[in-house]
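Listing of structure.cif, mmCIF, C-alpha atoms, pLDDT in the B column; chains and numbers go by the auth columns
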```
data_final
loop_
_atom_site.group_PDB
_atom_site.id
_atom_site.type_symbol
_atom_site.label_atom_id
_atom_site.label_comp_id
_atom_site.label_asym_id
_atom_site.label_seq_id
_atom_site.Cartn_x
_atom_site.Cartn_y
_atom_site.Cartn_z
_atom_site.B_iso_or_equiv
_atom_site.auth_seq_id
_atom_site.auth_asym_id
ATOM 1 C CA MET A 1 112.113 101.884 85.711 56.00 14 A
ATOM 2 C CA ASP A 2 108.692 101.209 84.265 65.00 15 A
ATOM 3 C CA ASN A 3 107.003 101.662 87.625 71.00 16 A
ATOM 4 C CA PRO A 4 105.990 105.335 88.171 73.00 17 A
ATOM 5 C CA LEU A 5 106.298 105.024 91.973 75.00 18 A
ATOM 6 C CA VAL A 6 109.896 103.804 91.763 76.00 19 A
ATOM 7 C CA LEU A 7 110.672 106.601 89.327 78.00 20 A
ATOM 8 C CA LEU A 8 109.009 109.162 91.618 79.00 21 A
ATOM 9 C CA GLY A 9 111.063 107.883 94.541 81.00 22 A
ATOM 10 C CA PHE A 10 114.280 108.123 92.561 82.00 23 A
ATOM 11 C CA LEU A 11 113.563 111.604 91.197 84.00 24 A
ATOM 12 C CA SER A 12 112.425 112.782 94.638 87.00 25 A
ATOM 13 C CA ILE A 13 115.976 112.394 95.925 87.00 26 A
ATOM 14 C CA PHE A 14 117.065 115.169 93.545 90.00 27 A
ATOM 15 C CA HIS A 15 113.977 117.261 94.274 90.00 28 A
ATOM 16 C CA VAL A 16 114.613 117.165 98.028 91.00 29 A
ATOM 17 C CA ILE A 17 118.313 118.035 97.775 90.00 30 A
ATOM 18 C CA GLY A 18 117.682 120.810 95.247 91.00 31 A
ATOM 19 C CA ALA A 19 114.720 122.311 97.089 92.00 32 A
ATOM 20 C CA VAL A 20 116.657 122.466 100.368 91.00 33 A
ATOM 21 C CA ALA A 21 119.657 124.066 98.620 92.00 34 A
ATOM 22 C CA LEU A 22 117.440 126.595 96.849 93.00 35 A
ATOM 23 C CA ALA A 23 115.658 127.531 100.078 92.00 36 A
ATOM 24 C CA HIS A 24 118.997 127.827 101.881 91.00 37 A
ATOM 25 C CA GLY A 25 120.278 130.164 99.177 91.00 38 A
ATOM 26 C CA LEU A 26 117.136 132.299 99.237 92.00 39 A
ATOM 27 C CA ARG A 27 117.311 132.569 103.032 90.00 40 A
ATOM 28 C CA GLY A 28 120.964 133.604 102.678 88.00 41 A
ATOM 29 C CA ILE A 29 120.056 136.327 100.179 89.00 42 A
ATOM 30 C CA TRP A 30 117.263 137.501 102.491 88.00 43 A
ATOM 31 C CA ASN A 31 119.675 137.656 105.458 83.00 44 A
ATOM 32 C CA TRP A 32 122.213 139.522 103.327 85.00 45 A
ATOM 33 C CA GLN A 33 119.520 142.050 102.408 84.00 46 A
ATOM 34 C CA GLN A 34 118.762 142.555 106.106 82.00 47 A
ATOM 35 C CA ASN A 35 122.251 143.059 107.561 80.00 48 A
ATOM 36 C CA ARG A 36 124.793 142.787 104.705 68.00 49 A
ATOM 37 C CA GLU A 37 127.353 141.179 107.015 68.00 50 A
ATOM 38 C CA ARG A 38 127.600 137.774 105.402 65.00 51 A
ATOM 39 C CA GLY A 39 128.790 137.072 101.879 70.00 52 A
ATOM 40 C CA LEU A 40 126.402 136.892 98.977 80.00 53 A
ATOM 41 C CA GLY A 41 128.401 134.556 96.731 79.00 54 A
ATOM 42 C CA ASN A 42 127.534 131.327 98.517 84.00 55 A
ATOM 43 C CA SER A 43 123.848 132.202 98.552 86.00 56 A
ATOM 44 C CA ILE A 44 123.779 132.904 94.832 90.00 57 A
ATOM 45 C CA PHE A 45 125.594 129.627 94.184 91.00 58 A
ATOM 46 C CA PHE A 46 123.027 127.707 96.255 91.00 59 A
ATOM 47 C CA VAL A 47 120.151 129.418 94.432 92.00 60 A
ATOM 48 C CA LEU A 48 121.538 128.550 90.997 93.00 61 A
ATOM 49 C CA TRP A 49 122.670 125.041 91.911 92.00 62 A
ATOM 50 C CA GLY A 50 119.507 124.229 93.869 90.00 63 A
ATOM 51 C CA ALA A 51 117.258 125.454 91.069 90.00 64 A
ATOM 52 C CA MET A 52 119.144 123.382 88.525 91.00 65 A
ATOM 53 C CA PHE A 53 119.524 120.256 90.658 87.00 66 A
ATOM 54 C CA GLY A 54 115.992 120.320 92.059 86.00 67 A
ATOM 55 C CA CYS A 55 114.111 121.315 88.924 85.00 68 A
ATOM 56 C CA MET A 56 115.962 119.312 86.263 88.00 69 A
ATOM 57 C CA PRO A 57 114.039 116.092 87.102 86.00 70 A
ATOM 58 C CA PHE A 58 110.848 117.898 86.075 85.00 71 A
ATOM 59 C CA ALA A 59 112.059 117.523 82.486 84.00 72 A
ATOM 60 C CA PHE A 60 112.105 113.743 82.949 80.00 73 A
ATOM 61 C CA GLY A 61 108.663 113.861 84.558 78.00 74 A
ATOM 62 C CA LEU A 62 107.266 115.926 81.674 79.00 75 A
ATOM 63 C CA GLY A 63 108.733 113.544 79.114 77.00 76 A
ATOM 64 C CA LEU A 64 107.362 110.495 80.869 72.00 77 A
ATOM 65 C CA ALA A 65 103.977 112.085 81.484 71.00 78 A
ATOM 66 C CA ALA A 66 103.655 112.590 77.729 72.00 79 A
ATOM 67 C CA GLU A 67 104.213 108.863 77.115 72.00 80 A
ATOM 68 C CA LYS A 68 101.048 107.072 78.111 62.00 81 A
ATOM 69 C CA GLU A 69 102.544 103.581 78.478 54.00 82 A
ATOM 70 C CA VAL A 70 105.458 104.527 80.776 53.00 83 A
ATOM 71 C CA GLY A 71 104.438 107.434 82.957 55.00 84 A
ATOM 72 C CA THR A 72 101.303 109.158 83.981 69.00 85 A
ATOM 73 C CA PRO A 73 100.494 112.798 84.680 76.00 86 A
ATOM 74 C CA LEU A 74 100.216 111.742 88.330 78.00 87 A
ATOM 75 C CA LEU A 75 104.005 111.271 88.323 78.00 88 A
ATOM 76 C CA LEU A 76 104.425 114.933 87.463 82.00 89 A
ATOM 77 C CA LEU A 77 101.886 115.913 90.118 85.00 90 A
ATOM 78 C CA GLY A 78 103.778 113.823 92.677 86.00 91 A
ATOM 79 C CA GLN A 79 107.009 115.559 91.710 88.00 92 A
ATOM 80 C CA VAL A 80 105.407 118.978 92.160 90.00 93 A
ATOM 81 C CA ILE A 81 104.020 117.982 95.564 93.00 94 A
ATOM 82 C CA VAL A 82 107.379 116.624 96.768 91.00 95 A
ATOM 83 C CA TRP A 83 109.403 119.577 95.529 90.00 96 A
ATOM 84 C CA GLY A 84 106.908 122.215 96.648 93.00 97 A
ATOM 85 C CA SER A 85 106.391 120.819 100.132 94.00 98 A
ATOM 86 C CA VAL A 86 110.116 120.363 100.803 92.00 99 A
ATOM 87 C CA PHE A 87 110.865 123.839 99.434 93.00 100 A
ATOM 88 C CA LEU A 88 108.192 125.566 101.515 94.00 101 A
ATOM 89 C CA ILE A 89 109.071 123.701 104.697 93.00 102 A
ATOM 90 C CA SER A 90 112.787 124.380 104.342 91.00 103 A
ATOM 91 C CA LEU A 91 112.191 128.021 103.405 90.00 104 A
ATOM 92 C CA LEU A 92 109.629 128.939 106.056 91.00 105 A
ATOM 93 C CA ALA A 93 110.217 126.557 108.953 90.00 106 A
ATOM 94 C CA TRP A 94 113.918 125.671 108.832 85.00 107 A
ATOM 95 C CA ASP A 95 114.643 126.564 112.470 85.00 108 A
ATOM 96 C CA GLU A 96 111.654 124.569 113.709 90.00 109 A
ATOM 97 C CA VAL A 97 112.702 121.556 111.648 85.00 110 A
ATOM 98 C CA LEU A 98 116.245 121.750 113.052 83.00 111 A
ATOM 99 C CA ASP A 99 114.884 121.999 116.610 88.00 112 A
ATOM 100 C CA TRP A 100 112.692 118.961 115.968 86.00 113 A
ATOM 101 C CA LEU A 101 115.560 116.998 114.390 80.00 114 A
ATOM 102 C CA GLN A 102 118.175 117.933 117.022 83.00 115 A
ATOM 103 C CA PRO A 103 118.049 114.585 118.887 76.00 116 A
ATOM 104 C CA PHE A 104 118.500 112.731 115.586 72.00 117 A
ATOM 105 C CA LEU A 105 121.424 114.828 114.352 76.00 118 A
ATOM 106 C CA GLN A 106 123.877 113.046 116.627 80.00 119 A
ATOM 107 C CA PRO A 107 126.268 110.858 114.591 81.00 120 A
ATOM 108 C CA ASP A 108 125.099 107.541 116.050 84.00 121 A
ATOM 109 C CA MET A 109 121.407 108.327 115.655 85.00 122 A
ATOM 110 C CA PHE A 110 122.034 109.498 112.111 83.00 123 A
ATOM 111 C CA LEU A 111 123.699 106.172 111.285 87.00 124 A
ATOM 112 C CA ILE A 112 120.773 104.250 112.768 89.00 125 A
ATOM 113 C CA ALA A 113 118.169 106.336 110.927 87.00 126 A
ATOM 114 C CA PHE A 114 120.071 106.291 107.630 88.00 127 A
ATOM 115 C CA GLY A 115 120.685 102.557 107.831 90.00 128 A
ATOM 116 C CA GLY A 116 117.034 101.850 108.623 90.00 129 A
ATOM 117 C CA VAL A 117 115.799 104.002 105.751 90.00 130 A
ATOM 118 C CA PHE A 118 118.346 102.394 103.424 88.00 131 A
ATOM 119 C CA MET A 119 117.054 98.958 104.426 90.00 132 A
ATOM 120 C CA MET A 120 113.417 99.982 103.873 90.00 133 A
ATOM 121 C CA VAL A 121 114.216 101.449 100.460 85.00 134 A
ATOM 122 C CA GLY A 122 115.978 98.215 99.534 85.00 135 A
ATOM 123 C CA ALA A 123 113.056 96.101 100.680 86.00 136 A
ATOM 124 C CA VAL A 124 110.478 98.202 98.821 86.00 137 A
ATOM 125 C CA ALA A 125 112.536 98.608 95.646 82.00 138 A
ATOM 126 C CA GLY A 126 113.503 94.944 95.630 83.00 139 A
ATOM 127 C CA SER A 127 109.923 93.808 96.092 84.00 140 A
ATOM 128 C CA LEU A 128 108.745 96.084 93.276 82.00 141 A
ATOM 129 C CA VAL A 129 111.479 94.933 90.908 81.00 142 A
ATOM 130 C CA ILE A 130 111.188 91.232 91.827 81.00 143 A
ATOM 131 C CA ARG A 131 107.946 90.980 89.839 80.00 144 A
ATOM 132 C CA ASP A 132 109.789 91.695 86.591 81.00 145 A
ATOM 133 C CA ASP A 133 113.097 89.925 87.191 82.00 146 A
ATOM 134 C CA LEU A 134 113.584 87.597 90.141 84.00 147 A
ATOM 135 C CA LEU A 135 117.387 87.543 90.197 85.00 148 A
ATOM 136 C CA PHE A 136 117.827 91.296 89.693 83.00 149 A
ATOM 137 C CA GLY A 137 115.184 92.060 92.313 81.00 150 A
ATOM 138 C CA LEU A 138 116.825 89.807 94.874 85.00 151 A
ATOM 139 C CA LEU A 139 120.284 91.219 94.166 86.00 152 A
ATOM 140 C CA PHE A 140 119.118 94.844 94.117 84.00 153 A
ATOM 141 C CA GLY A 141 117.031 94.581 97.270 84.00 154 A
ATOM 142 C CA GLY A 142 119.555 92.331 98.980 87.00 155 A
ATOM 143 C CA ILE A 143 122.453 94.724 98.436 89.00 156 A
ATOM 144 C CA PHE A 144 120.405 97.627 99.832 87.00 157 A
ATOM 145 C CA LEU A 145 119.308 95.493 102.785 89.00 158 A
ATOM 146 C CA LEU A 146 122.852 94.350 103.575 91.00 159 A
ATOM 147 C CA VAL A 147 124.437 97.782 103.274 92.00 160 A
ATOM 148 C CA GLY A 148 121.631 99.416 105.269 91.00 161 A
ATOM 149 C CA GLY A 149 121.801 96.685 107.894 92.00 162 A
ATOM 150 C CA LEU A 150 125.546 97.160 108.230 94.00 163 A
ATOM 151 C CA ILE A 151 125.177 100.930 108.646 92.00 164 A
ATOM 152 C CA LEU A 152 122.392 100.425 111.185 92.00 165 A
ATOM 153 C CA ALA A 153 124.449 97.857 113.113 93.00 166 A
ATOM 154 C CA ILE A 154 127.449 100.209 113.251 93.00 167 A
ATOM 155 C CA GLY A 155 125.215 102.964 114.627 90.00 168 A
ATOM 156 C CA VAL A 156 123.693 100.678 117.255 91.00 169 A
ATOM 157 C CA TRP A 157 127.141 99.372 118.217 92.00 170 A
ATOM 158 C CA ARG A 158 128.512 102.913 118.644 90.00 171 A
ATOM 159 C CA LEU A 159 125.460 103.969 120.630 85.00 172 A
ATOM 160 C CA LEU A 160 125.722 100.959 122.938 88.00 173 A
ATOM 161 C CA LYS A 161 129.418 101.651 123.516 87.00 174 A
ATOM 162 C CA GLU A 162 128.562 105.159 124.785 82.00 175 A
ATOM 163 C CA ILE A 163 126.016 103.911 127.318 78.00 176 A
ATOM 164 C CA ARG A 164 127.500 103.479 130.775 71.00 177 A
ATOM 165 C CA TRP A 165 126.060 100.289 132.233 65.00 178 A
#
```
Would you encode the structure as structure tokens?
Amino acid sequence: MDNPLVLLGFLSIFHVIGAVALAHGLRGIWNWQQNRERGLGNSIFFVLWGAMFGCMPFAFGLGLAAEKEVGTPLLLLGQVIVWGSVFLISLLAWDEVLDWLQPFLQPDMFLIAFGGVFMMVGAVAGSLVIRDDLLFGLLFGGIFLLVGGLILAIGVWRLLKEIRW
């Protein structure tokens, strides 16, 4: 993991999940303040868990930004941009995002999208790693490509079965 872009991509997974959970918890606390009908316990859990899960990778970014040969301060800036943008979008525009994503939230479309993204991540990560170690890069990227291709093929197969010809 000497490449800062690969590290940013890996840490961004945790930033995205944590920022969405934190925003969900804060929206739940806000809704509880407004009508006090729904429980507060789940919202507090999401706030604490989301803050921990989404902000813990900043410690890795700070440590790597201090080391000049491994990471750069741009890695930390990228982390802040990823976390902040996902947090603000999921806090302020959650309903609009769900309306926009509604066609893709069907199970078959989700499989196709997830499989395609999995394949792209495998291709990019494999091509970045292949410079350092040919065998590991081919295995790493190849496994991602095969698993993503299988997931994508299952989604396409299920979608084609639903179509009435």
Selected by the PyMOL selection byres ((chain A and resi 156) around 12) in the shown coordinates: which residues, as a PDB file with C-alpha atoms, in the coordinates of the input?
```
ATOM      1  CA  PHE A 131     118.346 102.394 103.424  1.00 88.00           C
ATOM      2  CA  MET A 132     117.054  98.958 104.426  1.00 90.00           C
ATOM      3  CA  MET A 133     113.417  99.982 103.873  1.00 90.00           C
ATOM      4  CA  VAL A 134     114.216 101.449 100.460  1.00 85.00           C
ATOM      5  CA  GLY A 135     115.978  98.215  99.534  1.00 85.00           C
ATOM      6  CA  ALA A 136     113.056  96.101 100.680  1.00 86.00           C
ATOM      7  CA  ALA A 138     112.536  98.608  95.646  1.00 82.00           C
ATOM      8  CA  GLY A 139     113.503  94.944  95.630  1.00 83.00           C
ATOM      9  CA  PHE A 149     117.827  91.296  89.693  1.00 83.00           C
ATOM     10  CA  GLY A 150     115.184  92.060  92.313  1.00 81.00           C
ATOM     11  CA  LEU A 151     116.825  89.807  94.874  1.00 85.00           C
ATOM     12  CA  LEU A 152     120.284  91.219  94.166  1.00 86.00           C
ATOM     13  CA  PHE A 153     119.118  94.844  94.117  1.00 84.00           C
ATOM     14  CA  GLY A 154     117.031  94.581  97.270  1.00 84.00           C
ATOM     15  CA  GLY A 155     119.555  92.331  98.980  1.00 87.00           C
ATOM     16  CA  PHE A 157     120.405  97.627  99.832  1.00 87.00           C
ATOM     17  CA  LEU A 158     119.308  95.493 102.785  1.00 89.00           C
ATOM     18  CA  LEU A 159     122.852  94.350 103.575  1.00 91.00           C
ATOM     19  CA  VAL A 160     124.437  97.782 103.274  1.00 92.00           C
ATOM     20  CA  GLY A 161     121.631  99.416 105.269  1.00 91.00           C
ATOM     21  CA  GLY A 162     121.801  96.685 107.894  1.00 92.00           C
ATOM     22  CA  LEU A 163     125.546  97.160 108.230  1.00 94.00           C
TER      23      LEU A 163
END
```
Query raised in the report: Suppose you want the space between atom CA of A:Leu111 and atom CA of A:Gly91; what is it in Å?
Result: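 According to the coordinates, atom CA of A:Leu111 and atom CA of A:Gly91 are separated by 25.2 Å.
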Query - Between atom CA of A:Ile176 and atom CA of A:Met122 - distance in Å to one decimal - result: 13.3 Å
**Report entry** Answer key for the PyMOL selection byres ((chain A and resi 172) around 10), residues as number ranges by chain
**Finding:** A: 120-122, 124-125, 166-171, 173-176
Query - Nearest-residue call for A:Ile164, choices A:Gly52, A:Pro17, A:Gly128, A:Pro86, using all atoms listed in the file - result: A:Gly128
Would you write out, as a tab-separated table, a table of all residues in stretch 98-167 of chain A that have an atom no more than 10 Å from an atom of stretch 38-45 of chain A, listing for each the closest atom pair and the distance in Å to one decimal, considering all atoms listed in the file and ordering rows by chain and rising residue number?
```
residue	atom	partner	partner_atom	distance
A:Ser103	CA	A:Arg40	CA	9.4
A:Leu104	CA	A:Arg40	CA	6.9
A:Leu105	CA	A:Arg40	CA	9.0
A:Trp107	CA	A:Arg40	CA	9.6
```
Query - Computed interatomic separation between atom CA of A:Val110 and atom CA of A:Phe59 (Å) - result: 19.5 Å
The PyMOL selection byres ((chain A and resi 66-77) around 10) resolved against shown file, as a tab-separated table (two decimals) with C-alpha atoms, in the coordinates of the input:
```tsv
chain	number	residue	atom	x	y	z
A	15	ASP	CA	108.69	101.21	84.26
A	17	PRO	CA	105.99	105.34	88.17
A	20	LEU	CA	110.67	106.60	89.33
A	21	LEU	CA	109.01	109.16	91.62
A	23	PHE	CA	114.28	108.12	92.56
A	24	LEU	CA	113.56	111.60	91.20
A	25	SER	CA	112.42	112.78	94.64
A	26	ILE	CA	115.98	112.39	95.92
A	27	PHE	CA	117.06	115.17	93.54
A	28	HIS	CA	113.98	117.26	94.27
A	29	VAL	CA	114.61	117.16	98.03
A	30	ILE	CA	118.31	118.04	97.78
A	31	GLY	CA	117.68	120.81	95.25
A	32	ALA	CA	114.72	122.31	97.09
A	33	VAL	CA	116.66	122.47	100.37
A	34	ALA	CA	119.66	124.07	98.62
A	35	LEU	CA	117.44	126.60	96.85
A	59	PHE	CA	123.03	127.71	96.26
A	60	VAL	CA	120.15	129.42	94.43
A	61	LEU	CA	121.54	128.55	91.00
A	62	TRP	CA	122.67	125.04	91.91
A	63	GLY	CA	119.51	124.23	93.87
A	64	ALA	CA	117.26	125.45	91.07
A	65	MET	CA	119.14	123.38	88.52
A	78	ALA	CA	103.98	112.08	81.48
A	79	ALA	CA	103.66	112.59	77.73
A	80	GLU	CA	104.21	108.86	77.11
A	81	LYS	CA	101.05	107.07	78.11
A	82	GLU	CA	102.54	103.58	78.48
A	83	VAL	CA	105.46	104.53	80.78
A	84	GLY	CA	104.44	107.43	82.96
A	85	THR	CA	101.30	109.16	83.98
A	86	PRO	CA	100.49	112.80	84.68
A	87	LEU	CA	100.22	111.74	88.33
A	88	LEU	CA	104.00	111.27	88.32
A	89	LEU	CA	104.42	114.93	87.46
A	90	LEU	CA	101.89	115.91	90.12
A	91	GLY	CA	103.78	113.82	92.68
A	92	GLN	CA	107.01	115.56	91.71
A	93	VAL	CA	105.41	118.98	92.16
A	96	TRP	CA	109.40	119.58	95.53
A	100	PHE	CA	110.86	123.84	99.43
```
Please put the answer as JSON: centre and edge lengths, in Å with one decimal, of a box along x, y and z that encloses all listed atoms of stretch 35-43 of chain A plus 3 Å on each side.
```
{"center_x": 118.3, "center_y": 132.0, "center_z": 99.9, "size_x": 11.3, "size_y": 16.9, "size_z": 12.2}
```
Query raised in the report: Which residue, A:Leu147, A:Ala126, A:Val142, A:Val95, has the smallest gap to A:Asn16 when you use all atoms listed in the file?
Result: A:Val142
